[in-house]
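Asker: Structure provided below as structure tokens; questions to follow.
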Amino acid sequence: MKETLRLLRSRLRPIYGSGESEAMIRLIFAQLKGWRPVDIVLHEDDELSPYIKRKVQEIADRLMKHEPLQYILGHARFYGLDIEVNPSVLIPRPETEELVDIVVRALGNREDMHVLDACTGSGCIAVALARNLRFPHITAFDISEPALDTARNNAERLRTRISFLKADALHLSDDSLLGAPWDAIVSNPPYIGDLEMAGMEPNVLEYEPHSALFVPDKEPLLFYEALGNYAVKTLKKGAGIYFEINPLHASALQRLMLSLGFTSVELIRDMSGKQRFLTARKPDV
């Protein structure tokens with residue numbers, strides 16, 4: 001075990017740094033051995049089986065190619081839940097957990113809410129809301145059938161009741177989705193411009209689905225405009241919309257939502273201080 005740790009660190013640290021490498025090592029041995037971080041220290045003098053040594057080697061080889069560890073292990077933690085992930089879906093980010101927090105704070109005391117999760121991907125938002133709202137009726141859609149398969153698996157494994165549908169966020173009609181009128185619409189749609197690719201890490205660019213990440217530079221608000229037009233027609237009066245957004249286009253999106261007729265259009269900063277979320281409300285009249 002001690003020699004395996006030494007080899008892992010020598011390979012991972014030049015690419016990922018010390019802190020991230022140690023976090024990866026903890027996740028690897030939690031998966032392969034069921035160990036807590038303290039167990040790694042307690043078992044340093046253990047002899048590892050050939051199988052475990054081979055699996056560690058295989059994982060390290062894939063990490064050296066910048067493949068995300070979450071895809072290698074097949075799951076990611078999100079809002080206290082174990083979410084299945086694969087290359088058909090984005091890996092859930094901490095910022096998206098903050099979006100769920102915003103929705104839960106707004107709706108947590110209400111029952112039987114009809115909530116739509118647009119561009120659901122892995123279903124992480126829908127599942128987290130299903131587990132944290134009071135008797136919600138949640139519908140989630142995506143254009144990708146493989147993503148929907150993953151989302152359905154997550155919902156079933158985590159024992160949540162969610163209606164999943166295949167639909168295109170850019171071409172929704174008023175009656176496209178069963179469940180309307182909605183008490184809330186939540187979405188983390190594609191919002192990264194093509195020009196931003198240059199500053200992104202290889203593990204994102206080479207492995208995560210581009211269709212879930214990128215929009216044309218000339219149309220940075222493409223999905224928000226489509227969802228906003230749908231929402232203003234299908235939300236209940238006084239109901240809210242909750243978006244994760246690109247901080248570069250926060251002010252433009254705020255103006256767009258006001259032009260569509262929404263009120264109480266608010267930009268909210270994430271834990272790093274960036275304008276990462278937008279909430280808005282359909283007028284009561």
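Ordering of the structure tokens sets the chain letters (A, B, ...); residue numbers start at 1 within each chain; ligands are numbered from 1 in the order shown.
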Excluding Val232 (chain A) and any residue of its chain fewer than 4 positions from it, enumerate the residues within 12 Å of it, using only C-alpha atoms, and give them as a PyMOL selection string.
Answerer: chain A and resi 173-174+180-185+224-228+236-241+257-263+280-284
Asker: Region 131-135 of chain A: which residues within 8 Å, counting only C-alpha atoms, same-chain residues fewer than 3 positions away excluded, as a CSV table (one decimal) with N, CA, C and O atoms, in the first residue's frame?
Answerer:
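This is the output file out_6.csv:
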```csv
chain,number,residue,atom,x,y,z
A,104,VAL,N,-34.7,25.4,-2.9
A,104,VAL,CA,-35.2,24.8,-1.7
A,104,VAL,C,-35.6,25.9,-0.7
A,104,VAL,O,-36.6,25.8,0.0
A,107,LEU,N,-39.0,27.4,-1.9
A,107,LEU,CA,-40.1,26.6,-2.0
A,107,LEU,C,-40.3,25.6,-0.9
A,107,LEU,O,-41.3,24.8,-0.8
A,108,GLY,N,-39.3,25.5,0.0
A,108,GLY,CA,-39.2,24.4,1.0
A,108,GLY,C,-40.4,24.3,1.9
A,108,GLY,O,-40.6,23.2,2.4
A,109,ASN,N,-41.1,25.3,2.2
A,109,ASN,CA,-42.3,25.3,3.1
A,109,ASN,C,-43.6,25.0,2.4
A,109,ASN,O,-44.6,24.9,3.1
A,110,ARG,N,-43.6,24.8,1.1
A,110,ARG,CA,-44.8,24.6,0.3
A,110,ARG,C,-44.9,23.2,-0.1
A,110,ARG,O,-43.9,22.5,-0.3
A,111,GLU,N,-46.1,22.7,-0.3
A,111,GLU,CA,-46.4,21.3,-0.6
A,111,GLU,C,-46.9,21.2,-2.0
A,111,GLU,O,-47.5,22.1,-2.5
A,112,ASP,N,-46.7,20.0,-2.6
A,112,ASP,CA,-47.4,19.7,-3.9
A,112,ASP,C,-47.0,20.7,-5.0
A,112,ASP,O,-47.9,21.0,-5.9
A,113,MET,N,-45.8,21.1,-5.0
A,113,MET,CA,-45.4,22.0,-6.1
A,113,MET,C,-45.1,21.3,-7.4
A,113,MET,O,-44.6,20.2,-7.4
A,127,VAL,N,-33.5,15.2,-9.0
A,127,VAL,CA,-33.4,14.3,-7.9
A,127,VAL,C,-33.2,15.0,-6.5
A,127,VAL,O,-33.9,14.7,-5.5
A,128,ALA,N,-32.3,16.0,-6.5
A,128,ALA,CA,-32.1,16.7,-5.3
A,128,ALA,C,-33.4,17.5,-4.8
A,128,ALA,O,-33.7,17.5,-3.6
A,160,THR,N,-36.8,8.3,-6.1
A,160,THR,CA,-37.6,9.5,-6.3
A,160,THR,C,-38.5,9.3,-7.5
A,160,THR,O,-38.2,8.6,-8.4
```
Asker: If we count only C-alpha atoms and set the cut-off at 10 Å, which residues sit around region 151-158 of chain A, ignoring sequence neighbours fewer than 4 positions away in its own chain? Please answer as JSON, numbers by chain.
Answerer: {"A": [81, 82, 83, 84, 85, 89, 120, 121, 122, 123, 124, 125, 126, 127, 128, 130, 131, 140, 141, 142, 145, 146, 147, 162, 163, 164]}
Asker: Produce a file of the selected residues containing N, CA and C atoms, as a PDB file, in the first residue's frame.
Answerer:
```pdb
ATOM      1  N   LEU A  81     -25.920  13.362  -2.309  1.00  0.00           N
ATOM      2  CA  LEU A  81     -26.406  12.189  -3.020  1.00  0.00           C
ATOM      3  C   LEU A  81     -25.318  11.626  -3.932  1.00  0.00           C
ATOM      4  N   ASP A  82     -25.401  10.344  -4.207  1.00  0.00           N
ATOM      5  CA  ASP A  82     -24.462   9.676  -5.098  1.00  0.00           C
ATOM      6  C   ASP A  82     -25.087   9.620  -6.489  1.00  0.00           C
ATOM      7  N   ILE A  83     -24.602  10.470  -7.404  1.00  0.00           N
ATOM      8  CA  ILE A  83     -25.199  10.615  -8.725  1.00  0.00           C
ATOM      9  C   ILE A  83     -24.375   9.857  -9.767  1.00  0.00           C
ATOM     10  N   GLU A  84     -25.026   8.961 -10.498  1.00  0.00           N
ATOM     11  CA  GLU A  84     -24.343   8.276 -11.597  1.00  0.00           C
ATOM     12  C   GLU A  84     -24.002   9.281 -12.691  1.00  0.00           C
ATOM     13  N   VAL A  85     -22.756   9.220 -13.189  1.00  0.00           N
ATOM     14  CA  VAL A  85     -22.349  10.077 -14.302  1.00  0.00           C
ATOM     15  C   VAL A  85     -21.578   9.253 -15.317  1.00  0.00           C
ATOM     16  N   VAL A  89     -23.378  12.934 -19.861  1.00  0.00           N
ATOM     17  CA  VAL A  89     -23.911  13.985 -18.987  1.00  0.00           C
ATOM     18  C   VAL A  89     -22.764  14.782 -18.374  1.00  0.00           C
ATOM     19  N   THR A 120     -32.102  18.611 -18.082  1.00  0.00           N
ATOM     20  CA  THR A 120     -31.815  17.936 -16.813  1.00  0.00           C
ATOM     21  C   THR A 120     -30.475  17.217 -16.771  1.00  0.00           C
ATOM     22  N   GLY A 121     -29.956  16.742 -17.918  1.00  0.00           N
ATOM     23  CA  GLY A 121     -28.672  16.028 -17.896  1.00  0.00           C
ATOM     24  C   GLY A 121     -28.743  14.773 -17.043  1.00  0.00           C
ATOM     25  N   SER A 122     -27.898  14.693 -16.027  1.00  0.00           N
ATOM     26  CA  SER A 122     -27.868  13.529 -15.139  1.00  0.00           C
ATOM     27  C   SER A 122     -29.092  13.433 -14.238  1.00  0.00           C
ATOM     28  N   GLY A 123     -29.919  14.486 -14.234  1.00  0.00           N
ATOM     29  CA  GLY A 123     -31.071  14.513 -13.330  1.00  0.00           C
ATOM     30  C   GLY A 123     -30.715  14.957 -11.932  1.00  0.00           C
ATOM     31  N   CYS A 124     -29.494  15.462 -11.728  1.00  0.00           N
ATOM     32  CA  CYS A 124     -29.056  15.786 -10.357  1.00  0.00           C
ATOM     33  C   CYS A 124     -29.939  16.843  -9.701  1.00  0.00           C
ATOM     34  N   ILE A 125     -30.331  17.881 -10.460  1.00  0.00           N
ATOM     35  CA  ILE A 125     -31.186  18.915  -9.876  1.00  0.00           C
ATOM     36  C   ILE A 125     -32.558  18.335  -9.546  1.00  0.00           C
ATOM     37  N   ALA A 126     -33.140  17.623 -10.483  1.00  0.00           N
ATOM     38  CA  ALA A 126     -34.474  17.059 -10.277  1.00  0.00           C
ATOM     39  C   ALA A 126     -34.497  16.119  -9.078  1.00  0.00           C
ATOM     40  N   VAL A 127     -33.496  15.247  -8.974  1.00  0.00           N
ATOM     41  CA  VAL A 127     -33.445  14.287  -7.867  1.00  0.00           C
ATOM     42  C   VAL A 127     -33.244  15.011  -6.539  1.00  0.00           C
ATOM     43  N   ALA A 128     -32.344  15.998  -6.514  1.00  0.00           N
ATOM     44  CA  ALA A 128     -32.115  16.736  -5.273  1.00  0.00           C
ATOM     45  C   ALA A 128     -33.368  17.475  -4.826  1.00  0.00           C
ATOM     46  N   ALA A 130     -36.469  16.590  -5.618  1.00  0.00           N
ATOM     47  CA  ALA A 130     -37.434  15.571  -5.211  1.00  0.00           C
ATOM     48  C   ALA A 130     -37.179  15.099  -3.782  1.00  0.00           C
ATOM     49  N   ARG A 131     -35.914  15.080  -3.382  1.00  0.00           N
ATOM     50  CA  ARG A 131     -35.552  14.618  -2.045  1.00  0.00           C
ATOM     51  C   ARG A 131     -35.684  15.703  -0.990  1.00  0.00           C
ATOM     52  N   ALA A 140     -38.869  16.556 -15.684  1.00  0.00           N
ATOM     53  CA  ALA A 140     -37.546  16.937 -16.174  1.00  0.00           C
ATOM     54  C   ALA A 140     -37.421  16.517 -17.624  1.00  0.00           C
ATOM     55  N   PHE A 141     -36.764  17.364 -18.431  1.00  0.00           N
ATOM     56  CA  PHE A 141     -36.586  16.988 -19.831  1.00  0.00           C
ATOM     57  C   PHE A 141     -35.167  17.258 -20.293  1.00  0.00           C
ATOM     58  N   ASP A 142     -34.814  16.572 -21.361  1.00  0.00           N
ATOM     59  CA  ASP A 142     -33.527  16.784 -22.019  1.00  0.00           C
ATOM     60  C   ASP A 142     -33.680  16.372 -23.471  1.00  0.00           C
ATOM     61  N   GLU A 145     -31.223  11.376 -25.408  1.00  0.00           N
ATOM     62  CA  GLU A 145     -31.765  10.127 -24.875  1.00  0.00           C
ATOM     63  C   GLU A 145     -30.784   9.433 -23.927  1.00  0.00           C
ATOM     64  N   PRO A 146     -29.463   9.376 -24.250  1.00  0.00           N
ATOM     65  CA  PRO A 146     -28.531   8.789 -23.275  1.00  0.00           C
ATOM     66  C   PRO A 146     -28.527   9.531 -21.941  1.00  0.00           C
ATOM     67  N   ALA A 147     -28.633  10.857 -21.981  1.00  0.00           N
ATOM     68  CA  ALA A 147     -28.704  11.613 -20.729  1.00  0.00           C
ATOM     69  C   ALA A 147     -29.967  11.237 -19.959  1.00  0.00           C
ATOM     70  N   ILE A 162     -40.047  11.024 -10.584  1.00  0.00           N
ATOM     71  CA  ILE A 162     -39.858  12.140 -11.503  1.00  0.00           C
ATOM     72  C   ILE A 162     -40.339  11.706 -12.875  1.00  0.00           C
ATOM     73  N   SER A 163     -41.046  12.599 -13.562  1.00  0.00           N
ATOM     74  CA  SER A 163     -41.470  12.318 -14.933  1.00  0.00           C
ATOM     75  C   SER A 163     -40.409  12.856 -15.888  1.00  0.00           C
ATOM     76  N   PHE A 164     -39.798  11.971 -16.665  1.00  0.00           N
ATOM     77  CA  PHE A 164     -38.765  12.375 -17.613  1.00  0.00           C
ATOM     78  C   PHE A 164     -39.319  12.345 -19.030  1.00  0.00           C
TER      79      PHE A 164
END
```
Asker: Counting only C-alpha atoms, which of A:Ala231, A:Val38, A:Leu221, A:Gly80 gets nearest to Arg255 (chain A)?
Answerer: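 Among the listed residues, A:Leu221 lies closest to Arg255 (chain A).
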Asker: Distance CA of Arg269 (chain A)-CA of Pro220 (chain A), one decimal place?
Answerer: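 Going from CA of Arg269 (chain A) over to CA of Pro220 (chain A), I get 19.2 Å.
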Asker: Taking the DSSP assignment computed from this structure's backbone, write out as number ranges by chain all residues of region 44-180 of chain A that belong to alpha helix (DSSP H).
Answerer: A: 50-64, 69-73, 94-107, 124-132, 145-157
Asker: Looking only at strand (DSSP E or B) from DSSP on the backbone, list the matching residues of region 36-138 of chain A as JSON, numbers by chain.
Answerer: {"A": [75, 76, 77, 78, 81, 82, 83, 84, 111, 114, 115, 116, 117, 118, 134, 137, 138]}
Asker: Create the file for the chosen residues now, containing C-alpha atoms and written as a PDB file, in the first residue's frame.
Answerer:
```pdb
ATOM      1  CA  HIS A  75     -20.450   8.593  -9.927  1.00  0.00           C
ATOM      2  CA  ALA A  76     -20.197  12.032  -8.334  1.00  0.00           C
ATOM      3  CA  ARG A  77     -21.417  13.504  -5.058  1.00  0.00           C
ATOM      4  CA  PHE A  78     -24.125  16.138  -5.384  1.00  0.00           C
ATOM      5  CA  LEU A  81     -26.406  12.189  -3.020  1.00  0.00           C
ATOM      6  CA  ASP A  82     -24.462   9.676  -5.098  1.00  0.00           C
ATOM      7  CA  ILE A  83     -25.199  10.615  -8.725  1.00  0.00           C
ATOM      8  CA  GLU A  84     -24.343   8.276 -11.597  1.00  0.00           C
ATOM      9  CA  GLU A 111     -46.361  21.295  -0.621  1.00  0.00           C
ATOM     10  CA  HIS A 114     -45.267  21.370  -9.829  1.00  0.00           C
ATOM     11  CA  VAL A 115     -41.622  21.922 -10.788  1.00  0.00           C
ATOM     12  CA  LEU A 116     -39.931  21.689 -14.194  1.00  0.00           C
ATOM     13  CA  ASP A 117     -36.206  20.964 -14.544  1.00  0.00           C
ATOM     14  CA  ALA A 118     -35.162  22.018 -18.052  1.00  0.00           C
ATOM     15  CA  ARG A 134     -42.385  18.535   0.322  1.00  0.00           C
ATOM     16  CA  HIS A 137     -44.458  16.816  -8.660  1.00  0.00           C
ATOM     17  CA  ILE A 138     -41.306  17.099 -10.744  1.00  0.00           C
TER      18      ILE A 138
END
```
Asker: May I have the residues within 12 Å of region 11-19 of chain A as a PyMOL selection string, using only C-alpha atoms and disregarding those fewer than 2 positions away in the same chain?
Answerer: chain A and resi 4-9+21-26+56-57+59-69+201-203
Asker: One decimal, Å: what's the distance from CA of Leu172 (chain A) over to CA of Asp270 (chain A), could you say?
Answerer: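 Value for the CA of Leu172 (chain A)-CA of Asp270 (chain A) distance: 29.2 Å.
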Asker: CA of Leu32 (chain A) and CA of Asp45 (chain A) are how many Å apart?
Answerer: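 Separating CA of Leu32 (chain A) from CA of Asp45 (chain A) is a distance of 17.0 Å.
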Asker: Tell me which of A:Tyr207, A:Lys33, A:Glu266, A:Lys55 sits closest to Tyr71 (chain A), counting only C-alpha atoms.
Answerer: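 With only C-alpha atoms as the atom set, the closest residue is A:Tyr207.
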Asker: Looking at only C-alpha atoms, which of A:Ser88, A:Leu195, A:Arg93, A:Val285 is the one that sits closest to Ile143 (chain A)?
Answerer: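 Distance minimum relative to Ile143 (chain A) lands on A:Ser88.
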